[in-house]
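Engineer: File name structure_1.cif; file contents mmCIF, C-alpha atoms; full text below.
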```cif
data_target
loop_
_atom_site.group_PDB
_atom_site.id
_atom_site.type_symbol
_atom_site.label_atom_id
_atom_site.label_comp_id
_atom_site.auth_asym_id
_atom_site.auth_seq_id
_atom_site.Cartn_x
_atom_site.Cartn_y
_atom_site.Cartn_z
ATOM 1 C CA MET J 1 2.917 -76.783 33.013
ATOM 2 C CA VAL J 2 4.723 -75.288 36.028
ATOM 3 C CA SER J 3 6.491 -72.477 34.148
ATOM 4 C CA ASN J 4 3.236 -71.320 32.482
ATOM 5 C CA LYS J 5 1.552 -71.123 35.891
ATOM 6 C CA ARG J 6 4.603 -69.322 37.281
ATOM 7 C CA GLU J 7 4.655 -66.918 34.344
ATOM 8 C CA GLU J 8 0.932 -66.203 34.612
ATOM 9 C CA SER J 9 1.050 -65.486 38.350
ATOM 10 C CA THR J 10 4.226 -63.416 37.960
ATOM 11 C CA LYS J 11 2.609 -61.222 35.303
ATOM 12 C CA GLU J 12 -0.312 -60.760 37.721
ATOM 13 C CA TYR J 13 2.245 -59.726 40.346
ATOM 14 C CA VAL J 14 3.736 -57.115 37.977
ATOM 15 C CA ASP J 15 0.185 -55.956 37.078
ATOM 16 C CA ALA J 16 -0.516 -55.413 40.783
ATOM 17 C CA LEU J 17 2.704 -53.416 41.187
ATOM 18 C CA GLN J 18 1.859 -51.301 38.159
ATOM 19 C CA GLU J 19 -1.658 -50.730 39.439
ATOM 20 C CA ARG J 20 -0.238 -49.370 42.653
ATOM 21 C CA TYR J 21 2.686 -47.396 41.163
ATOM 22 C CA SER J 22 2.011 -45.439 37.955
ATOM 23 C CA ARG J 23 5.704 -45.607 37.089
ATOM 24 C CA LEU J 24 7.976 -48.534 37.838
ATOM 25 C CA CYS J 25 11.747 -48.410 37.552
ATOM 26 C CA ALA J 26 12.716 -51.970 36.510
ATOM 27 C CA VAL J 27 16.323 -52.846 37.357
ATOM 28 C CA ARG J 28 17.797 -56.120 36.111
ATOM 29 C CA VAL J 29 21.021 -57.409 37.665
ATOM 30 C CA ASP J 30 22.646 -60.821 37.223
ATOM 31 C CA LEU J 31 24.391 -61.875 40.437
ATOM 32 C CA ALA J 32 27.115 -64.518 40.481
ATOM 33 C CA TYR J 33 30.413 -65.541 42.059
ATOM 34 C CA LYS J 34 33.977 -64.962 40.828
ATOM 35 C CA LYS J 35 36.327 -67.798 39.973
ATOM 36 C CA PRO J 36 37.517 -69.892 41.800
ATOM 37 C CA TYR J 37 34.693 -69.409 44.362
ATOM 38 C CA SER J 38 31.987 -70.175 41.784
ATOM 39 C CA ASP J 39 33.314 -73.748 41.487
ATOM 40 C CA HIS J 40 32.521 -74.448 45.161
ATOM 41 C CA ILE J 41 29.528 -72.270 46.118
ATOM 42 C CA THR J 42 26.562 -74.465 47.002
ATOM 43 C CA LEU J 43 22.929 -73.646 46.367
ATOM 44 C CA GLU J 44 22.495 -73.406 50.127
ATOM 45 C CA GLU J 45 25.233 -70.740 50.350
ATOM 46 C CA ALA J 46 23.756 -68.810 47.409
ATOM 47 C CA ASN J 47 20.304 -68.970 49.044
ATOM 48 C CA ARG J 48 21.793 -67.679 52.285
ATOM 49 C CA ASP J 49 23.461 -64.763 50.466
ATOM 50 C CA LEU J 50 20.279 -63.920 48.555
ATOM 51 C CA ASN J 51 18.128 -64.101 51.696
ATOM 52 C CA ARG J 52 20.607 -61.923 53.569
ATOM 53 C CA MET J 53 20.374 -59.297 50.843
ATOM 54 C CA LEU J 54 16.567 -59.439 50.678
ATOM 55 C CA ASN J 55 16.127 -59.464 54.466
ATOM 56 C CA ASN J 56 18.564 -56.629 55.128
ATOM 57 C CA ARG J 57 17.018 -54.162 52.687
ATOM 58 C CA ARG J 58 15.782 -51.930 55.511
ATOM 59 C CA GLY J 59 19.363 -51.605 56.725
ATOM 60 C CA LYS J 60 20.432 -50.213 53.338
ATOM 61 C CA PRO J 61 17.994 -47.352 52.659
ATOM 62 C CA SER J 62 20.429 -45.709 50.242
ATOM 63 C CA ILE J 63 19.947 -48.697 47.918
ATOM 64 C CA PHE J 64 16.608 -50.315 48.723
ATOM 65 C CA LYS J 65 14.479 -47.572 50.302
ATOM 66 C CA ASP J 66 12.024 -47.234 47.407
ATOM 67 C CA GLN J 67 12.041 -50.863 46.263
ATOM 68 C CA VAL J 68 8.497 -52.166 45.783
ATOM 69 C CA GLY J 69 9.046 -55.670 44.392
ATOM 70 C CA TYR J 70 11.480 -58.254 43.014
ATOM 71 C CA LEU J 71 11.832 -61.489 41.022
ATOM 72 C CA VAL J 72 14.864 -63.793 41.242
ATOM 73 C CA LYS J 73 15.587 -66.867 39.097
ATOM 74 C CA LYS J 74 18.316 -69.208 40.355
ATOM 75 C CA GLU J 75 20.327 -71.153 37.800
ATOM 76 C CA TYR J 76 23.350 -73.420 37.632
ATOM 77 C CA THR J 77 25.884 -74.208 34.907
ATOM 78 C CA GLU J 78 29.252 -75.932 35.233
ATOM 79 C CA GLU J 79 30.983 -72.864 33.816
ATOM 80 C CA LYS J 80 29.317 -70.234 36.065
ATOM 81 C CA GLY J 81 28.220 -72.335 39.017
ATOM 82 C CA VAL J 82 25.160 -71.077 40.907
ATOM 83 C CA HIS J 83 24.050 -67.663 39.668
ATOM 84 C CA LEU J 84 20.964 -65.484 40.001
ATOM 85 C CA HIS J 85 18.974 -63.371 37.564
ATOM 86 C CA GLY J 86 17.331 -60.557 39.518
ATOM 87 C CA LEU J 87 14.680 -58.060 38.477
ATOM 88 C CA PHE J 88 14.078 -55.386 41.113
ATOM 89 C CA PHE J 89 11.199 -52.897 40.951
ATOM 90 C CA PHE J 90 11.378 -49.410 42.433
ATOM 91 C CA ASP J 91 8.777 -46.665 42.727
ATOM 92 C CA GLY J 92 9.469 -44.745 39.512
ATOM 93 C CA GLN J 93 8.318 -41.469 41.064
ATOM 94 C CA LYS J 94 11.293 -41.691 43.435
ATOM 95 C CA VAL J 95 13.948 -43.658 41.507
ATOM 96 C CA GLN J 96 14.818 -42.664 37.947
ATOM 97 C CA LYS J 97 18.470 -43.681 37.502
ATOM 98 C CA ASP J 98 18.072 -47.368 36.675
ATOM 99 C CA LYS J 99 21.677 -47.999 35.560
ATOM 100 C CA PHE J 100 23.037 -46.366 38.715
ATOM 101 C CA LYS J 101 20.614 -48.379 40.880
ATOM 102 C CA ALA J 102 21.692 -51.645 39.200
ATOM 103 C CA ASP J 103 25.352 -50.817 39.950
ATOM 104 C CA GLN J 104 24.448 -50.053 43.584
ATOM 105 C CA ILE J 105 22.741 -53.450 43.969
ATOM 106 C CA GLY J 106 25.583 -55.266 42.197
ATOM 107 C CA GLU J 107 28.310 -53.601 44.233
ATOM 108 C CA HIS J 108 26.421 -54.308 47.467
ATOM 109 C CA TRP J 109 26.157 -57.982 46.444
ATOM 110 C CA SER J 110 29.826 -58.200 45.435
ATOM 111 C CA GLU J 111 31.394 -56.314 48.323
ATOM 112 C CA LYS J 112 29.113 -56.642 51.348
ATOM 113 C CA ILE J 113 26.919 -59.716 50.859
ATOM 114 C CA THR J 114 29.547 -62.074 49.388
ATOM 115 C CA GLN J 115 32.627 -60.445 50.992
ATOM 116 C CA ASN J 116 34.215 -59.745 47.570
ATOM 117 C CA LYS J 117 33.565 -63.275 46.263
ATOM 118 C CA GLY J 118 30.669 -62.089 44.138
ATOM 119 C CA SER J 119 30.339 -60.540 40.721
ATOM 120 C CA TYR J 120 27.480 -58.925 38.849
ATOM 121 C CA HIS J 121 26.306 -57.814 35.436
ATOM 122 C CA ASN J 122 24.242 -54.624 35.053
ATOM 123 C CA CYS J 123 21.660 -55.581 32.384
ATOM 124 C CA ASN J 124 20.265 -52.026 32.340
ATOM 125 C CA LYS J 125 23.462 -50.895 30.597
ATOM 126 C CA ASN J 126 22.633 -53.051 27.560
ATOM 127 C CA GLU J 127 21.234 -50.737 24.932
ATOM 128 C CA TYR J 128 18.729 -53.221 23.495
ATOM 129 C CA LYS J 129 15.781 -51.528 21.826
ATOM 130 C CA ASP J 130 13.264 -53.904 23.440
ATOM 131 C CA SER J 131 15.069 -54.412 26.757
ATOM 132 C CA GLY J 132 11.955 -54.173 28.964
ATOM 133 C CA VAL J 133 13.906 -52.543 31.808
ATOM 134 C CA GLY J 134 14.311 -48.963 32.953
ATOM 135 C CA MET J 135 11.383 -46.607 33.473
ATOM 136 C CA ILE J 136 7.994 -48.115 32.700
ATOM 137 C CA ASP J 137 4.977 -45.838 32.712
ATOM 138 C CA TYR J 138 1.603 -47.579 33.029
ATOM 139 C CA ARG J 139 0.510 -45.971 29.720
ATOM 140 C CA ASP J 140 3.506 -47.272 27.765
ATOM 141 C CA LEU J 141 2.031 -50.521 26.459
ATOM 142 C CA GLN J 142 5.036 -51.347 24.262
ATOM 143 C CA LYS J 143 7.500 -51.070 27.143
ATOM 144 C CA ARG J 144 5.199 -53.203 29.316
ATOM 145 C CA GLU J 145 5.029 -55.816 26.557
ATOM 146 C CA ASN J 146 8.844 -55.844 26.538
ATOM 147 C CA LEU J 147 8.859 -56.232 30.331
ATOM 148 C CA ASP J 148 6.504 -59.210 29.960
ATOM 149 C CA LYS J 149 9.111 -60.817 27.657
ATOM 150 C CA VAL J 150 11.742 -60.375 30.380
ATOM 151 C CA VAL J 151 9.337 -61.947 32.906
ATOM 152 C CA SER J 152 8.699 -64.874 30.507
ATOM 153 C CA TYR J 153 12.449 -65.390 30.163
ATOM 154 C CA LEU J 154 12.959 -65.390 33.943
ATOM 155 C CA CYS J 155 10.039 -67.775 34.463
ATOM 156 C CA LYS J 156 11.134 -70.362 31.919
ATOM 157 C CA ASP J 157 12.352 -73.785 32.985
ATOM 158 C CA ASP J 158 15.731 -74.472 31.397
ATOM 159 C CA GLU J 159 16.938 -78.043 31.913
ATOM 160 C CA LYS J 160 20.472 -77.042 30.942
ATOM 161 C CA GLN J 161 20.605 -74.560 33.824
ATOM 162 C CA ASP J 162 18.387 -76.373 36.304
ATOM 163 C CA ILE J 163 19.222 -76.212 40.019
ATOM 164 C CA ALA J 164 17.409 -79.534 40.725
ATOM 165 C CA PRO J 165 20.642 -81.579 41.016
ATOM 166 C CA LEU J 166 21.919 -79.144 43.671
ATOM 167 C CA LYS J 167 18.822 -79.104 45.851
ATOM 168 C CA SER J 168 19.422 -80.390 49.350
ATOM 169 C CA LYS J 169 15.845 -79.718 50.432
ATOM 170 C CA GLN J 170 12.615 -80.226 48.538
ATOM 171 C CA LYS J 171 11.511 -76.706 49.455
ATOM 172 C CA ASP J 172 14.437 -75.084 47.606
ATOM 173 C CA ARG J 173 12.850 -73.024 44.860
ATOM 174 C CA ALA J 174 14.407 -71.999 41.557
ATOM 175 C CA PHE J 175 12.243 -68.877 41.414
ATOM 176 C CA VAL J 176 11.269 -66.408 44.153
ATOM 177 C CA ARG J 177 9.416 -63.107 44.109
ATOM 178 C CA GLY J 178 7.892 -60.521 46.400
ATOM 179 C CA ILE J 179 4.350 -60.513 47.753
ATOM 180 C CA ILE J 180 1.502 -59.043 45.711
ATOM 181 C CA PRO J 181 0.673 -55.646 47.211
ATOM 182 C CA ARG J 182 -2.797 -55.106 48.641
ATOM 183 C CA LYS J 183 -5.139 -53.058 46.518
ATOM 184 C CA ASN J 184 -5.601 -49.467 47.581
ATOM 185 C CA LYS J 185 -9.048 -49.151 49.142
ATOM 186 C CA SER J 186 -8.959 -45.387 48.827
ATOM 187 C CA LYS J 187 -9.737 -43.945 45.407
ATOM 188 C CA ILE J 188 -8.390 -40.483 46.278
ATOM 189 C CA GLY J 189 -7.061 -38.560 43.309
ATOM 190 C CA ARG J 190 -7.964 -38.542 39.674
ATOM 191 C CA PRO J 191 -8.530 -41.890 37.972
ATOM 192 C CA ARG J 192 -5.937 -42.844 35.382
ATOM 193 C CA LYS J 193 -6.879 -42.330 31.765
ATOM 194 C CA GLU J 194 -6.176 -45.248 29.485
ATOM 195 C CA SER J 195 -3.970 -44.073 26.647
ATOM 196 C CA ASN J 196 -0.916 -45.118 24.737
ATOM 197 C CA LEU J 197 2.227 -42.960 24.876
#
```
Produce structure tokens that represent the structure in this file.
Structural biologist:
Amino acid sequence: MVSNKREESTKEYVDALQERYSRLCAVRVDLAYKKPYSDHITLEEANRDLNRMLNNRRGKPSIFKDQVGYLVKKEYTEEKGVHLHGLFFFDGQKVQKDKFKADQIGEHWSEKITQNKGSYHNCNKNEYKDSGVGMIDYRDLQKRENLDKVVSYLCKDDEKQDIAPLKSKQKDRAFVRGIIPRKNKSKIGRPRKESNL
């Protein structure tokens, strides 16, 4: 099944990030469009906006400087139109304020990328016990398990919110993510001890 393969490889991607960065700051932001724009935004326009944001990260060091990875699931409903569920990973040694970072990304999307046509929801502000976002230390197995649930949710195929009817090109993908980082060849420093927090 496609989503199982996607979920498996995405968890491997997160494993690789966590292997490289002992602490990850996981920031989840839902990106959308305000009414009445959401009724007319095409998948192609949403892709263009998303690609512009991802490609221009170097130009916005105040927001994206320490970003190390991302996952984005594209969805469509008649009520919301095209919308995106984003999970952005930052080096947790350098970024600790996850709620603030989510607002920065959302405001950048709303104001700069979509020229005030966009809206966002900061999922890091939800005070769910098992949210799976925020600071994730490699030793915190429970928090990582919760993050895996978030990844599973983002990787699922939902026919009710499928973008397939909107696709103009076969190569349009409902799910995109960053590239798996190369393994560090150098083993400088102390090896990590396996323990549970």
Engineer: With a cut-off of 12 Å, could you pull out the residues of stretch 99-190 of chain J touching stretch 30-40 of chain J and give me the nearest pair of atoms for each, distance in Å to one decimal, using all atoms listed in the file, ordered by chain and ascending number, as CSV?
Structural biologist:
```
residue,atom,partner,partner_atom,distance
J:Ala102,CA,J:Asp30,CA,9.4
J:Asp103,CA,J:Asp30,CA,10.7
J:Ile105,CA,J:Leu31,CA,9.3
J:Gly106,CA,J:Leu31,CA,6.9
J:Glu107,CA,J:Leu31,CA,9.9
J:His108,CA,J:Leu31,CA,10.5
J:Trp109,CA,J:Leu31,CA,7.4
J:Ser110,CA,J:Tyr33,CA,8.1
J:Glu111,CA,J:Tyr33,CA,11.2
J:Ile113,CA,J:Leu31,CA,10.9
J:Thr114,CA,J:Tyr33,CA,8.2
J:Gln115,CA,J:Tyr33,CA,10.5
J:Asn116,CA,J:Lys34,CA,8.5
J:Lys117,CA,J:Lys34,CA,5.7
J:Gly118,CA,J:Tyr33,CA,4.0
J:Ser119,CA,J:Ala32,CA,5.1
J:Tyr120,CA,J:Leu31,CA,4.6
J:His121,CA,J:Asp30,CA,5.1
J:Asn122,CA,J:Asp30,CA,6.8
J:Cys123,CA,J:Asp30,CA,7.2
J:Asn124,CA,J:Asp30,CA,10.3
J:Lys125,CA,J:Asp30,CA,12.0
J:Leu154,CA,J:Asp30,CA,11.2
J:Leu166,CA,J:His40,CA,11.7
```
Engineer: Please evaluate the PyMOL selection byres ((chain J and resi 70) around 10) against the structure above and give the resulting residues as a count of residues only.
Structural biologist: 20
Engineer: Please list, as a PyMOL selection string, the residues that have an atom at most 9 Å away from (19.6, -76.1, 39.4) in the coordinates of this file, counting all atoms listed in the file.
Structural biologist: chain J and resi 43+74-77+82+159-167+174
Engineer: Determine the nearest neighbour of J:Arg52 from the options J:Gly134, J:Lys112, J:Asp148, J:Gln142, counting all atoms listed in the file.
Structural biologist: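 Among J:Gly134, J:Lys112, J:Asp148, J:Gln142, it is J:Lys112 that comes nearest to J:Arg52.
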Engineer: Which value, in Å to one decimal, gives the distance between atom CA of J:Ser131 and atom CA of J:Asn146?
Structural biologist: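 These atoms are spaced 6.4 Å apart.
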Engineer: Nearest residue to J:Ala16 out of J:Leu84, J:Val150, J:Ile180, J:Met53, using only C-alpha atoms?
Structural biologist: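 Among J:Leu84, J:Val150, J:Ile180, J:Met53, it is J:Ile180 that comes nearest to J:Ala16.
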Engineer: Enumerate, as a VMD selection string, the residues matched when the PyMOL selection byres ((chain J and resi 23) around 12) is run on the file above.
Structural biologist: chain J and resid 14 to 15 17 to 22 24 to 26 68 89 to 96 133 to 140 143 to 144
Engineer: Atom CA of J:Val151 and atom CA of J:Asp98, how far apart in Å?
Structural biologist: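 Atom-to-atom, atom CA of J:Asp98 and atom CA of J:Val151 are spaced 17.4 Å apart.
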Engineer: For J:Phe64, which of J:Thr10, J:Gln104, J:Asn126, J:Asp157 is the closest residue, counting all atoms listed in the file?
Structural biologist: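 Smallest separation from J:Phe64 among the options: J:Gln104.
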Engineer: Give me, please, the distance in Å between atom CA of J:Ala46 and atom CA of J:Asp172, quoted to one decimal.
Structural biologist: 11.2 Å
